[in-house]
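Asks: This one is query-v9.cif, mmCIF, C-alpha atoms and all ligand atoms.
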data_my_file
loop_
_atom_site.label_atom_id
_atom_site.label_comp_id
_atom_site.auth_asym_id
_atom_site.auth_seq_id
_atom_site.Cartn_x
_atom_site.Cartn_y
_atom_site.Cartn_z
CA MET A 1 126.87 145.80 63.58
CA ASN A 2 127.51 143.46 66.48
CA LEU A 3 125.44 143.90 69.62
CA ILE A 4 126.97 143.64 73.08
CA SER A 5 124.59 143.05 76.00
CA VAL A 6 125.88 144.49 79.26
CA ILE A 7 124.24 142.66 82.17
CA VAL A 8 124.30 144.42 85.52
CA PRO A 9 122.94 142.72 88.66
CA CYS A 10 121.78 145.41 91.07
CA TYR A 11 120.83 145.01 94.69
CA ASN A 12 120.42 148.31 96.56
CA GLU A 13 122.70 150.17 94.17
CA GLU A 14 120.93 153.57 93.98
CA GLU A 15 124.18 155.34 94.84
CA ALA A 16 126.39 153.46 92.39
CA ILE A 17 124.20 153.29 89.28
CA PRO A 18 124.66 156.93 88.14
CA TYR A 19 128.45 156.53 88.28
CA PHE A 20 128.20 153.24 86.47
CA TYR A 21 125.93 154.60 83.74
CA GLU A 22 128.28 157.51 83.12
CA GLU A 23 131.35 155.27 82.85
CA ILE A 24 129.74 152.70 80.58
CA GLN A 25 128.54 155.51 78.29
CA LYS A 26 132.12 156.67 77.85
CA THR A 27 133.21 153.14 76.94
CA ALA A 28 130.27 152.65 74.58
CA GLN A 29 131.11 155.87 72.77
CA LYS A 30 134.69 154.74 72.27
CA MET A 31 133.55 151.48 70.72
CA GLU A 32 131.94 152.97 67.63
CA ASP A 33 131.64 149.78 65.63
CA VAL A 34 129.35 147.99 68.13
CA ASP A 35 125.83 148.49 69.41
CA PHE A 36 125.01 148.17 73.08
CA GLU A 37 122.11 147.21 75.27
CA PHE A 38 122.30 147.63 79.04
CA ILE A 39 120.26 145.17 81.04
CA PHE A 40 119.87 146.18 84.68
CA VAL A 41 118.57 143.31 86.76
CA ASN A 42 116.99 144.65 89.92
CA ASP A 43 117.38 141.85 92.44
CA GLY A 44 114.63 142.92 94.84
CA SER A 45 116.30 146.13 95.96
CA LYS A 46 114.79 147.92 98.93
CA ASP A 47 115.99 151.36 97.85
CA ASN A 48 115.30 153.47 94.76
CA THR A 49 117.27 151.31 92.33
CA VAL A 50 114.18 150.55 90.21
CA SER A 51 113.05 154.13 89.77
CA ILE A 52 116.57 155.25 88.88
CA VAL A 53 116.88 152.52 86.26
CA LYS A 54 113.43 153.36 84.86
CA GLU A 55 114.48 157.00 84.52
CA TYR A 56 117.46 155.94 82.42
CA ALA A 57 115.24 153.60 80.40
CA ASN A 58 112.94 156.52 79.53
CA LYS A 59 115.84 158.62 78.30
CA ASP A 60 117.88 155.89 76.62
CA GLU A 61 116.21 153.13 74.66
CA ARG A 62 119.24 150.88 74.98
CA VAL A 63 118.54 150.59 78.72
CA LYS A 64 116.50 147.50 79.61
CA TYR A 65 115.48 146.35 83.04
CA LEU A 66 114.26 143.19 84.71
CA SER A 67 112.86 143.54 88.20
CA PHE A 68 112.51 140.56 90.58
CA SER A 69 109.68 140.05 93.04
CA ARG A 70 112.23 139.72 95.87
CA ASN A 71 115.96 139.25 96.42
CA PHE A 72 117.00 136.04 94.64
CA GLY A 73 120.76 136.56 94.77
CA LYS A 74 123.39 137.60 92.24
CA GLU A 75 123.49 134.18 90.59
CA ALA A 76 119.80 134.38 89.77
CA ALA A 77 120.26 137.93 88.44
CA ILE A 78 123.06 136.75 86.14
CA TYR A 79 120.88 133.92 84.84
CA ALA A 80 117.93 136.24 84.20
CA GLY A 81 120.14 138.70 82.36
CA LEU A 82 121.67 136.05 80.13
CA GLN A 83 118.27 134.55 79.43
CA ASN A 84 116.82 137.86 78.30
CA CYS A 85 119.72 139.38 76.38
CA ARG A 86 119.76 139.56 72.59
CA GLY A 87 123.43 140.39 72.07
CA ASP A 88 125.91 138.57 69.85
CA TYR A 89 128.11 138.98 72.89
CA ALA A 90 127.24 139.36 76.55
CA VAL A 91 129.25 140.84 79.38
CA LEU A 92 128.56 140.63 83.12
CA MET A 93 129.45 143.68 85.17
CA ASP A 94 128.89 144.75 88.77
CA ALA A 95 127.09 148.02 89.31
CA ASP A 96 129.74 149.34 91.70
CA LEU A 97 132.51 149.89 89.06
CA GLN A 98 134.66 147.18 90.65
CA ASP A 99 134.62 145.71 87.15
CA PRO A 100 136.24 148.58 85.23
CA PRO A 101 134.38 149.24 81.93
CA TYR A 102 137.58 150.62 80.33
CA LEU A 103 138.80 147.02 79.92
CA LEU A 104 135.91 146.25 77.58
CA PRO A 105 137.51 147.33 74.24
CA GLU A 106 140.53 145.14 74.98
CA MET A 107 138.24 142.22 75.87
CA TYR A 108 136.19 142.66 72.71
CA GLU A 109 139.31 142.72 70.56
CA ALA A 110 140.55 139.44 72.03
CA ILE A 111 137.30 137.74 71.03
CA VAL A 112 136.86 139.27 67.58
CA ASP A 113 140.50 139.40 66.46
CA ASP A 114 142.19 136.58 68.39
CA GLY A 115 139.29 134.10 68.27
CA TYR A 116 138.75 133.52 71.98
CA ASP A 117 135.30 132.39 73.13
CA SER A 118 135.42 134.47 76.24
CA VAL A 119 137.59 136.96 78.04
CA ALA A 120 137.52 136.90 81.82
CA THR A 121 139.14 139.08 84.42
CA ARG A 122 140.88 138.36 87.66
CA ARG A 123 142.21 140.72 90.24
CA VAL A 124 145.76 140.08 91.27
CA THR A 125 145.54 141.97 94.56
CA ARG A 126 142.94 141.96 97.26
CA LYS A 127 143.74 145.48 98.41
CA GLY A 128 141.10 147.01 100.65
CA GLU A 129 139.75 143.67 101.83
CA PRO A 130 139.97 142.41 105.43
CA PRO A 131 143.04 140.09 105.69
CA ILE A 132 141.05 137.28 107.29
CA ARG A 133 138.66 137.32 104.32
CA SER A 134 141.56 137.11 101.84
CA LEU A 135 143.06 134.22 103.80
CA PHE A 136 139.84 132.19 103.69
CA ALA A 137 139.30 133.04 100.04
CA ARG A 138 142.76 131.73 99.13
CA LEU A 139 142.14 128.58 101.16
CA PHE A 140 138.80 128.02 99.42
CA TYR A 141 140.33 128.21 95.93
CA LYS A 142 143.12 125.79 96.93
CA ILE A 143 140.63 123.25 98.26
CA ILE A 144 138.04 123.44 95.51
CA ASN A 145 140.62 123.11 92.74
CA LYS A 146 141.96 119.95 94.36
CA ILE A 147 138.56 118.31 94.60
CA SER A 148 136.68 119.51 91.54
CA ASP A 149 136.75 119.12 87.75
CA ALA A 150 135.78 122.71 87.13
CA ASP A 151 138.78 124.96 86.83
CA ILE A 152 138.09 127.75 89.32
CA VAL A 153 140.57 130.59 89.19
CA ASP A 154 141.65 132.44 92.34
CA GLY A 155 140.65 136.08 92.22
CA ALA A 156 138.41 135.54 89.19
CA ARG A 157 135.58 138.02 88.98
CA ASP A 158 132.28 137.40 87.27
CA TYR A 159 133.27 140.22 84.87
CA ARG A 160 133.46 138.35 81.61
CA LEU A 161 132.66 138.96 77.95
CA MET A 162 131.49 135.92 76.03
CA THR A 163 130.10 134.78 72.71
CA ARG A 164 126.48 133.83 72.10
CA GLN A 165 127.56 130.19 71.91
CA MET A 166 128.95 130.36 75.42
CA VAL A 167 125.88 132.18 76.72
CA ASP A 168 123.72 129.36 75.37
CA ALA A 169 125.97 126.78 77.02
CA ILE A 170 125.56 128.55 80.38
CA LEU A 171 121.80 128.73 79.94
CA SER A 172 121.71 125.01 79.20
CA MET A 173 122.87 124.45 82.77
CA SER A 174 119.55 125.20 84.38
CA GLU A 175 120.42 123.96 87.87
CA TYR A 176 118.82 125.64 90.84
CA ASN A 177 121.98 125.83 92.97
CA ARG A 178 124.00 128.09 90.72
CA PHE A 179 127.69 128.74 91.27
CA SER A 180 128.76 130.79 88.26
CA LYS A 181 132.50 130.57 88.82
CA GLY A 182 132.17 126.80 88.60
CA ILE A 183 129.76 126.88 85.66
CA PHE A 184 132.13 129.06 83.60
CA GLY A 185 134.98 126.66 84.26
CA TRP A 186 132.90 123.54 83.70
CA ILE A 187 131.56 124.38 80.24
CA GLY A 188 135.08 124.78 78.85
CA PHE A 189 135.79 126.96 75.76
CA ASN A 190 138.86 129.11 75.25
CA THR A 191 139.15 131.83 77.81
CA LYS A 192 141.65 134.64 77.87
CA TRP A 193 142.46 136.06 81.30
CA ILE A 194 143.08 139.73 81.86
CA GLU A 195 144.55 140.81 85.18
CA PHE A 196 143.91 144.04 87.00
CA GLU A 197 144.44 145.61 90.40
CA ASN A 198 141.53 145.44 92.81
CA VAL A 199 139.36 148.56 92.76
CA GLU A 200 137.21 149.54 95.72
CA ARG A 201 133.51 150.08 95.10
CA VAL A 202 132.58 153.58 94.01
CA ALA A 203 129.58 154.06 96.34
CA GLY A 204 127.27 152.08 98.59
CA GLU A 205 128.51 149.02 100.46
CA THR A 206 129.24 145.37 99.82
CA LYS A 207 126.39 142.88 100.19
CA TRP A 208 128.69 140.11 101.30
CA SER A 209 129.26 139.42 104.95
CA PHE A 210 131.87 136.88 106.00
CA TRP A 211 129.14 134.40 106.90
CA LYS A 212 127.40 134.81 103.53
CA LEU A 213 130.71 134.21 101.74
CA PHE A 214 131.35 131.13 103.85
CA LYS A 215 127.97 129.65 102.92
CA TYR A 216 128.60 130.55 99.28
CA SER A 217 131.90 128.66 99.36
CA LEU A 218 130.15 125.56 100.73
CA GLU A 219 127.66 125.89 97.91
CA GLY A 220 130.52 125.98 95.43
CA ILE A 221 131.98 122.80 96.88
CA THR A 222 128.73 120.82 96.92
CA ALA A 223 127.83 122.05 93.44
CA PHE A 224 131.09 121.03 91.80
CA SER A 225 132.62 118.21 93.81
CA ILE A 226 131.53 114.91 95.34
CA VAL A 227 134.82 114.35 97.12
CA PRO A 228 133.37 115.19 100.58
CA LEU A 229 130.88 112.35 100.07
CA GLN A 230 133.69 109.91 99.38
CA LEU A 231 135.72 111.15 102.33
CA ALA A 232 133.52 109.27 104.80
CA SER A 233 134.30 105.93 103.12
CA VAL A 234 138.01 106.67 103.01
CA ILE A 235 138.13 107.56 106.71
CA GLY A 236 135.97 104.52 107.47
CA VAL A 237 138.34 102.16 105.69
CA LEU A 238 141.38 103.68 107.42
CA LEU A 239 139.79 103.45 110.89
CA SER A 240 138.70 99.85 110.26
CA LEU A 241 142.28 98.93 109.38
CA ILE A 242 143.60 100.57 112.52
CA ALA A 243 140.94 98.82 114.62
CA PHE A 244 141.84 95.46 113.11
CA ILE A 245 145.51 95.88 113.98
CA PHE A 246 144.50 96.98 117.48
CA ILE A 247 142.42 93.84 117.99
CA ILE A 248 145.33 91.59 117.09
CA ILE A 249 147.68 93.48 119.40
CA ILE A 250 145.25 93.34 122.33
CA VAL A 251 144.43 89.64 121.88
CA VAL A 252 148.12 88.72 121.72
CA ARG A 253 148.93 90.92 124.71
CA THR A 254 146.10 89.45 126.80
CA ILE A 255 147.21 85.89 126.06
CA MET A 256 150.84 86.66 126.95
CA PHE A 257 150.45 89.08 129.89
CA GLY A 258 146.89 88.58 131.21
CA ASP A 259 144.28 91.35 131.33
CA PRO A 260 144.61 93.96 134.06
CA VAL A 261 141.57 96.31 133.87
CA SER A 262 142.65 99.80 132.87
CA GLY A 263 142.34 102.33 130.10
CA TRP A 264 138.85 103.70 130.27
CA PRO A 265 140.05 107.25 129.39
CA SER A 266 141.45 105.98 126.10
CA THR A 267 138.19 104.12 125.44
CA MET A 268 136.26 107.34 125.96
CA CYS A 269 138.54 109.15 123.52
CA VAL A 270 137.93 106.55 120.86
CA ILE A 271 134.16 106.62 121.37
CA ILE A 272 134.02 110.41 121.15
CA LEU A 273 136.26 110.48 118.08
CA LEU A 274 134.16 107.90 116.27
CA GLY A 275 130.90 109.59 117.30
CA GLY A 276 132.24 112.89 115.98
CA LEU A 277 133.34 111.40 112.69
CA GLN A 278 129.97 109.71 112.23
CA LEU A 279 128.08 112.95 112.83
CA LEU A 280 130.40 114.76 110.44
CA ALA A 281 129.76 112.16 107.74
CA ILE A 282 126.00 112.40 108.27
CA GLY A 283 126.29 116.19 108.08
CA VAL A 284 128.07 115.97 104.73
CA LEU A 285 125.39 113.59 103.46
CA GLY A 286 122.79 116.09 104.66
CA GLN A 287 124.43 118.90 102.68
CA TYR A 288 124.21 116.98 99.45
CA LEU A 289 120.75 115.66 100.24
CA SER A 290 119.43 119.17 100.85
CA LYS A 291 120.85 120.35 97.53
CA THR A 292 119.28 117.38 95.75
CA TYR A 293 116.00 118.12 97.53
CA LEU A 294 115.93 121.73 96.28
CA GLU A 295 117.01 120.62 92.82
CA THR A 296 114.17 118.08 92.49
CA LYS A 297 111.55 120.68 93.41
CA LYS A 298 112.37 122.42 90.13
CA ARG A 299 111.52 125.84 91.50
CA PRO A 300 112.08 128.78 89.15
CA ILE A 301 115.47 130.45 89.60
CA TYR A 302 113.84 133.89 89.77
CA ILE A 303 110.39 135.48 89.55
CA LEU A 304 109.88 138.63 87.49
CA LYS A 305 107.67 141.41 88.75
CA ASP A 306 108.29 144.05 86.13
CA ASP A 307 110.42 144.61 83.01
CA ASN A 308 110.61 146.51 79.74
CA ILE A 309 111.77 143.63 77.58
CA HIS A 310 108.70 141.43 77.22
CA GLU A 311 105.50 142.64 75.54
CA LYS A 312 102.74 143.31 78.01
N1 LIG B 1 124.16 141.69 93.95
C1 LIG B 1 122.92 141.20 93.56
N2 LIG B 1 122.19 140.47 94.45
C2 LIG B 1 122.64 140.18 95.72
C3 LIG B 1 123.92 140.67 96.08
C4 LIG B 1 124.65 141.43 95.17
O1 LIG B 1 122.47 141.42 92.43
O2 LIG B 1 121.93 139.52 96.48
C5 LIG B 1 124.95 142.50 92.98
C6 LIG B 1 125.39 143.86 93.50
O3 LIG B 1 124.41 144.85 93.28
C7 LIG B 1 126.65 144.14 92.68
C8 LIG B 1 127.22 142.74 92.48
O4 LIG B 1 126.14 141.82 92.70
O5 LIG B 1 126.36 144.71 91.42
C9 LIG B 1 128.37 142.45 93.41
O6 LIG B 1 127.99 142.71 94.74
P1 LIG B 1 128.98 143.36 95.79
O7 LIG B 1 129.67 144.54 95.17
O8 LIG B 1 128.20 143.60 97.04
O9 LIG B 1 130.02 142.18 96.03
P2 LIG B 1 131.62 142.32 96.17
O10 LIG B 1 132.09 143.12 94.99
O11 LIG B 1 131.85 142.99 97.47
O12 LIG B 1 132.08 140.89 96.12
MG MG B 2 131.50 144.93 94.53
#
Written as structure tokens, that's how I'd like the structure from this file.
Replies:
Amino acid sequence: MNLISVIVPCYNEEEAIPYFYEEIQKTAQKMEDVDFEFIFVNDGSKDNTVSIVKEYANKDERVKYLSFSRNFGKEAAIYAGLQNCRGDYAVLMDADLQDPPYLLPEMYEAIVDDGYDSVATRRVTRKGEPPIRSLFARLFYKIINKISDADIVDGARDYRLMTRQMVDAILSMSEYNRFSKGIFGWIGFNTKWIEFENVERVAGETKWSFWKLFKYSLEGITAFSIVPLQLASVIGVLLSLIAFIFIIIIVVRTIMFGDPVSGWPSTMCVIILLGGLQLLAIGVLGQYLSKTYLETKKRPIYILKDDNIHEK
């Protein structure tokens, strides 16, 4: 029988986990011809997430857990789950039931019967989300798809079932600055997309503030595009051209009409504009440099404190 590993990143999800466990049980029962393992990755929760998961692990031997020494972020939790799963197939699911488990049979069929390497999901609505957040999200997807090789789909969730081959491809990208949506797109393979209406989380609250999302989007851009680095040269070339034309005009004008002193406000404008552009370009350089800096340190992506997968 094929084994599906369900990987669930959990950060302060004590309220949501019981609902999740119940729902995933129902789905697992429906899929009689597959075995399951459920890997809960506790990402340094400050509530009772660990003890709840351990309770389930005592009752149900398919329940596995990995517990981090602190909060390393969802990307690290995904990586840890994939690294420690044994399944022929692996699926990533949020603990808050925003990734509906009832889609799983349909996803599994598409891989086994239709030969896809992975089945991913995207939500077609952003119901229940603040409008300003939706607006910025849309803008982000427009920009990043223009400037990056990785095909990053608007509304795509991390909820995705994939083959062992694809799991290994993801694990082979061992970068420290992980941006899963980009990694999935970058490695290629045949992906089927299933669309569904946005569901609000069943309990607890979202861990993403607007500011956190904004930083995450910058991470996505630096991880999968070098266009911002090239922008400085493009602007530089353009400004140099303009300056060159200006010089000719001013020289000719001075020769023909003399040189009455005037125009310091316009000079100030030019100086401030150029100063601003230079700082911006240095800032962009700094972004990439800082990522390179962290990457070269080769720090581990996560640190385990406790688990029931490895022999002790
Ligand atoms: N999560 C995590 N570590 C974090 C933040 C979130 O493991 O630092 C998990 C969280 O427990 C949930 C999933 O990632 O299972 C998605 O988080 P959330 O529902 O807060 O995000 P949203 O659905 O609002 O984008
Ligand atoms: Mg959620």
Asks: Choose the residue, out of A:Ile170, A:Ile4, A:Ile183, A:Ala203, that has the smallest atom-to-atom separation from ligand MG 2 (chain B); count all atoms listed in the file.
Replies: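 Once distances to ligand MG 2 (chain B) are computed over all atoms listed in the file, the minimum belongs to A:Ala203.
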Asks: Near region 295-297 of chain A, within 10 Å and counting all atoms listed in the file, which residues show up once chain neighbours fewer than 4 positions away are dropped, as a list in words?
Replies: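 Answer for this query is Ser174, Glu175, Tyr176, Asn177, Leu289, Ser290 and Lys291 of chain A.
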Asks: Let's have the selection written as a tab-separated table (two decimals), in the frame of the given file, with C-alpha atoms.
Replies:
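Listed below is the output, selection01.tsv:
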chain	number	residue	atom	x	y	z
A	174	SER	CA	119.55	125.20	84.38
A	175	GLU	CA	120.42	123.96	87.87
A	176	TYR	CA	118.82	125.64	90.84
A	177	ASN	CA	121.98	125.83	92.97
A	289	LEU	CA	120.75	115.66	100.24
A	290	SER	CA	119.43	119.17	100.85
A	291	LYS	CA	120.85	120.35	97.53
Asks: Give me the residues within 10 Å of Leu285 (chain A) as a list in words, counting only C-alpha atoms and dropping any in the same chain fewer than 5 places off.
Replies: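 Those residues are Pro228, Leu229, Gln230, Ala232, Leu279, Leu280 and Ser290 of chain A.
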Asks: Next, write the just-selected residues to a file, as a compact mmCIF listing (two decimals), in the coordinates of the input, keeping C-alpha atoms as the atom set.
Replies:
# COMPACT_ATOMS: atom_id res chain seq x y z
CA PRO A 228 133.37 115.19 100.58
CA LEU A 229 130.88 112.35 100.07
CA GLN A 230 133.69 109.91 99.38
CA ALA A 232 133.52 109.27 104.80
CA LEU A 279 128.08 112.95 112.83
CA LEU A 280 130.40 114.76 110.44
CA SER A 290 119.43 119.17 100.85
Asks: Mind checking which residues fall within 10 Å of Leu82 (chain A), counting all atoms listed in the file, ignoring those fewer than 4 positions away in the same chain, and posting them as a short mmCIF file (atom, residue, chain, number, x, y, z; two decimals) with C-alpha atoms, in the coordinates of the input?
Replies:
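Result saved to out.cif:
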data_model
loop_
_atom_site.label_atom_id
_atom_site.label_comp_id
_atom_site.auth_asym_id
_atom_site.auth_seq_id
_atom_site.Cartn_x
_atom_site.Cartn_y
_atom_site.Cartn_z
CA SER A 5 124.59 143.05 76.00
CA VAL A 6 125.88 144.49 79.26
CA ILE A 7 124.24 142.66 82.17
CA ILE A 39 120.26 145.17 81.04
CA ALA A 76 119.80 134.38 89.77
CA ALA A 77 120.26 137.93 88.44
CA ILE A 78 123.06 136.75 86.14
CA ARG A 86 119.76 139.56 72.59
CA GLY A 87 123.43 140.39 72.07
CA ALA A 90 127.24 139.36 76.55
CA VAL A 91 129.25 140.84 79.38
CA LEU A 92 128.56 140.63 83.12
CA ARG A 164 126.48 133.83 72.10
CA VAL A 167 125.88 132.18 76.72
CA ASP A 168 123.72 129.36 75.37
CA ILE A 170 125.56 128.55 80.38
CA LEU A 171 121.80 128.73 79.94
#
Asks: For CA of Leu3 (chain A) and CA of Asp307 (chain A), determine how far apart the two atoms are, in Å to one decimal place.
Replies: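 CA of Leu3 (chain A) sits 20.1 Å away from CA of Asp307 (chain A).
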Asks: Find the residues near region 149-163 of chain A: any atom within 9 Å, counting all atoms listed in the file, skip ones fewer than 4 places away on the same chain, and give them as a PyMOL selection string.
Replies: chain A and resi 4+6+87-94+99-100+104+107-108+111+116-126+137-138+140-142+144-145+167-168+180-188+191+193+224-225
Asks: For Lys305 (chain A), work out the shell of residues within 10 Å, counting only C-alpha atoms and skipping chain neighbours fewer than 2 positions away, then give it as a PyMOL selection string.
Replies: chain A and resi 42+44+66-70+302-303+307
Asks: Find, counting all atoms listed in the file, the residue in A:Gln278, A:Thr222, A:Gln98, A:Asn58 that gets nearest to ligand MG 2 (chain B).
Replies: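 Nearest to ligand MG 2 (chain B): A:Gln98.
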Asks: Show me which residues sit within 6 Å of ligand MG 2 (chain B) when counting only C-alpha atoms and all ligand atoms, and put them as a list of chain:residue names.
Replies: A:Asp96, A:Gln98, A:Arg201, A:Thr206
Asks: Check which residues of chain A sit at most 6 Å from ligand LIG 1 (chain B) using only C-alpha atoms and all ligand atoms, and return one row each with the closest pair of atoms and their distance in Å to one decimal, ordered by chain and rising number, as CSV.
Replies:
residue,atom,partner,partner_atom,distance
A:Pro9,CA,B:LIG1,O1,4.0
A:Cys10,CA,B:LIG1,O3,3.5
A:Tyr11,CA,B:LIG1,O3,3.9
A:Glu13,CA,B:LIG1,O3,5.7
A:Asp43,CA,B:LIG1,O1,5.1
A:Asn71,CA,B:LIG1,O2,6.0
A:Gly73,CA,B:LIG1,O2,3.6
A:Lys74,CA,B:LIG1,N2,3.8
A:Ala77,CA,B:LIG1,O1,5.7
A:Asp94,CA,B:LIG1,O5,3.7
A:Ala95,CA,B:LIG1,O5,4.0
A:Asp96,CA,B:LIG1,O5,5.7
A:Thr206,CA,B:LIG1,O8,3.5
A:Lys207,CA,B:LIG1,O8,3.7
A:Trp208,CA,B:LIG1,O8,5.5
Asks: Between A:Ile250, A:Val227, A:Leu304, A:Leu238, which is the closest to Val284 (chain A) once you count all atoms listed in the file?
Replies: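 For Val284 (chain A), the nearest of the given residues is A:Val227.
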Asks: Point out the residue among A:Ile143, A:Leu103, A:Ile235, A:Val63 with the least atom-to-atom distance to Asn308 (chain A), counting all atoms listed in the file.
Replies: A:Val63
Asks: Do you have the CA of Phe20 (chain A)-CA of Leu97 (chain A) distance handy?
Replies: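 Result for CA of Phe20 (chain A) versus CA of Leu97 (chain A): 6.0 Å, one decimal.
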Asks: Would you list the residues near (115.7, 153.1, 95.3) (no more than 12 Å away, in the coordinates of the file, using only C-alpha atoms) as a compact mmCIF listing (two decimals) with C-alpha atoms, in the coordinates of the input?
Replies:
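Produced file point_34.txt, reproduced below:
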# COMPACT_ATOMS: atom_id res chain seq x y z
CA CYS A 10 121.78 145.41 91.07
CA TYR A 11 120.83 145.01 94.69
CA ASN A 12 120.42 148.31 96.56
CA GLU A 13 122.70 150.17 94.17
CA GLU A 14 120.93 153.57 93.98
CA GLU A 15 124.18 155.34 94.84
CA ALA A 16 126.39 153.46 92.39
CA ILE A 17 124.20 153.29 89.28
CA ASN A 42 116.99 144.65 89.92
CA ASP A 43 117.38 141.85 92.44
CA GLY A 44 114.63 142.92 94.84
CA SER A 45 116.30 146.13 95.96
CA LYS A 46 114.79 147.92 98.93
CA ASP A 47 115.99 151.36 97.85
CA ASN A 48 115.30 153.47 94.76
CA THR A 49 117.27 151.31 92.33
CA VAL A 50 114.18 150.55 90.21
CA SER A 51 113.05 154.13 89.77
CA ILE A 52 116.57 155.25 88.88
CA VAL A 53 116.88 152.52 86.26
CA LYS A 54 113.43 153.36 84.86
CA GLU A 55 114.48 157.00 84.52
Asks: Record the distance separating CA of Phe38 (chain A) and CA of Ile301 (chain A), expressed in Å with one decimal.
Replies: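 About the pair CA of Phe38 (chain A) and CA of Ile301 (chain A): they are 21.3 Å apart.
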Asks: Quick one: region 219-232 of chain A with N, CA, C and O atoms, as a tab-separated table (two decimals), keeping the file's coordinate frame?
Replies:
chain	number	residue	atom	x	y	z
A	219	GLU	N	128.50	126.13	99.07
A	219	GLU	CA	127.66	125.89	97.91
A	219	GLU	C	128.51	125.51	96.70
A	219	GLU	O	128.19	124.59	95.96
A	220	GLY	N	129.61	126.26	96.53
A	220	GLY	CA	130.52	125.98	95.43
A	220	GLY	C	131.06	124.56	95.51
A	220	GLY	O	131.15	123.85	94.51
A	221	ILE	N	131.41	124.14	96.72
A	221	ILE	CA	131.98	122.80	96.88
A	221	ILE	C	130.92	121.73	96.60
A	221	ILE	O	131.16	120.81	95.82
A	222	THR	N	129.74	121.86	97.17
A	222	THR	CA	128.73	120.82	96.92
A	222	THR	C	128.27	120.82	95.47
A	222	THR	O	127.91	119.78	94.93
A	223	ALA	N	128.30	122.00	94.82
A	223	ALA	CA	127.83	122.05	93.44
A	223	ALA	C	128.82	121.43	92.47
A	223	ALA	O	128.43	120.91	91.43
A	224	PHE	N	130.10	121.47	92.79
A	224	PHE	CA	131.09	121.03	91.80
A	224	PHE	C	132.06	119.97	92.27
A	224	PHE	O	133.07	119.73	91.63
A	225	SER	N	131.76	119.31	93.39
A	225	SER	CA	132.62	118.21	93.81
A	225	SER	C	131.83	117.21	94.63
A	225	SER	O	130.93	117.58	95.40
A	226	ILE	N	132.15	115.91	94.47
A	226	ILE	CA	131.53	114.91	95.34
A	226	ILE	C	132.57	114.28	96.25
A	226	ILE	O	132.31	113.30	96.92
A	227	VAL	N	133.76	114.90	96.28
A	227	VAL	CA	134.82	114.35	97.12
A	227	VAL	C	134.43	114.27	98.60
A	227	VAL	O	134.68	113.26	99.25
A	228	PRO	N	133.75	115.31	99.17
A	228	PRO	CA	133.37	115.19	100.58
A	228	PRO	C	132.52	113.96	100.87
A	228	PRO	O	132.61	113.38	101.95
A	229	LEU	N	131.70	113.54	99.88
A	229	LEU	CA	130.88	112.35	100.07
A	229	LEU	C	131.74	111.10	100.18
A	229	LEU	O	131.42	110.17	100.91
A	230	GLN	N	132.84	111.10	99.40
A	230	GLN	CA	133.69	109.91	99.38
A	230	GLN	C	134.60	109.87	100.60
A	230	GLN	O	135.07	108.81	101.00
A	231	LEU	N	134.81	111.04	101.19
A	231	LEU	CA	135.72	111.15	102.33
A	231	LEU	C	135.32	110.21	103.46
A	231	LEU	O	136.16	109.56	104.08
A	232	ALA	N	134.00	110.10	103.71
A	232	ALA	CA	133.52	109.27	104.80
A	232	ALA	C	133.97	107.82	104.60
A	232	ALA	O	134.43	107.18	105.55
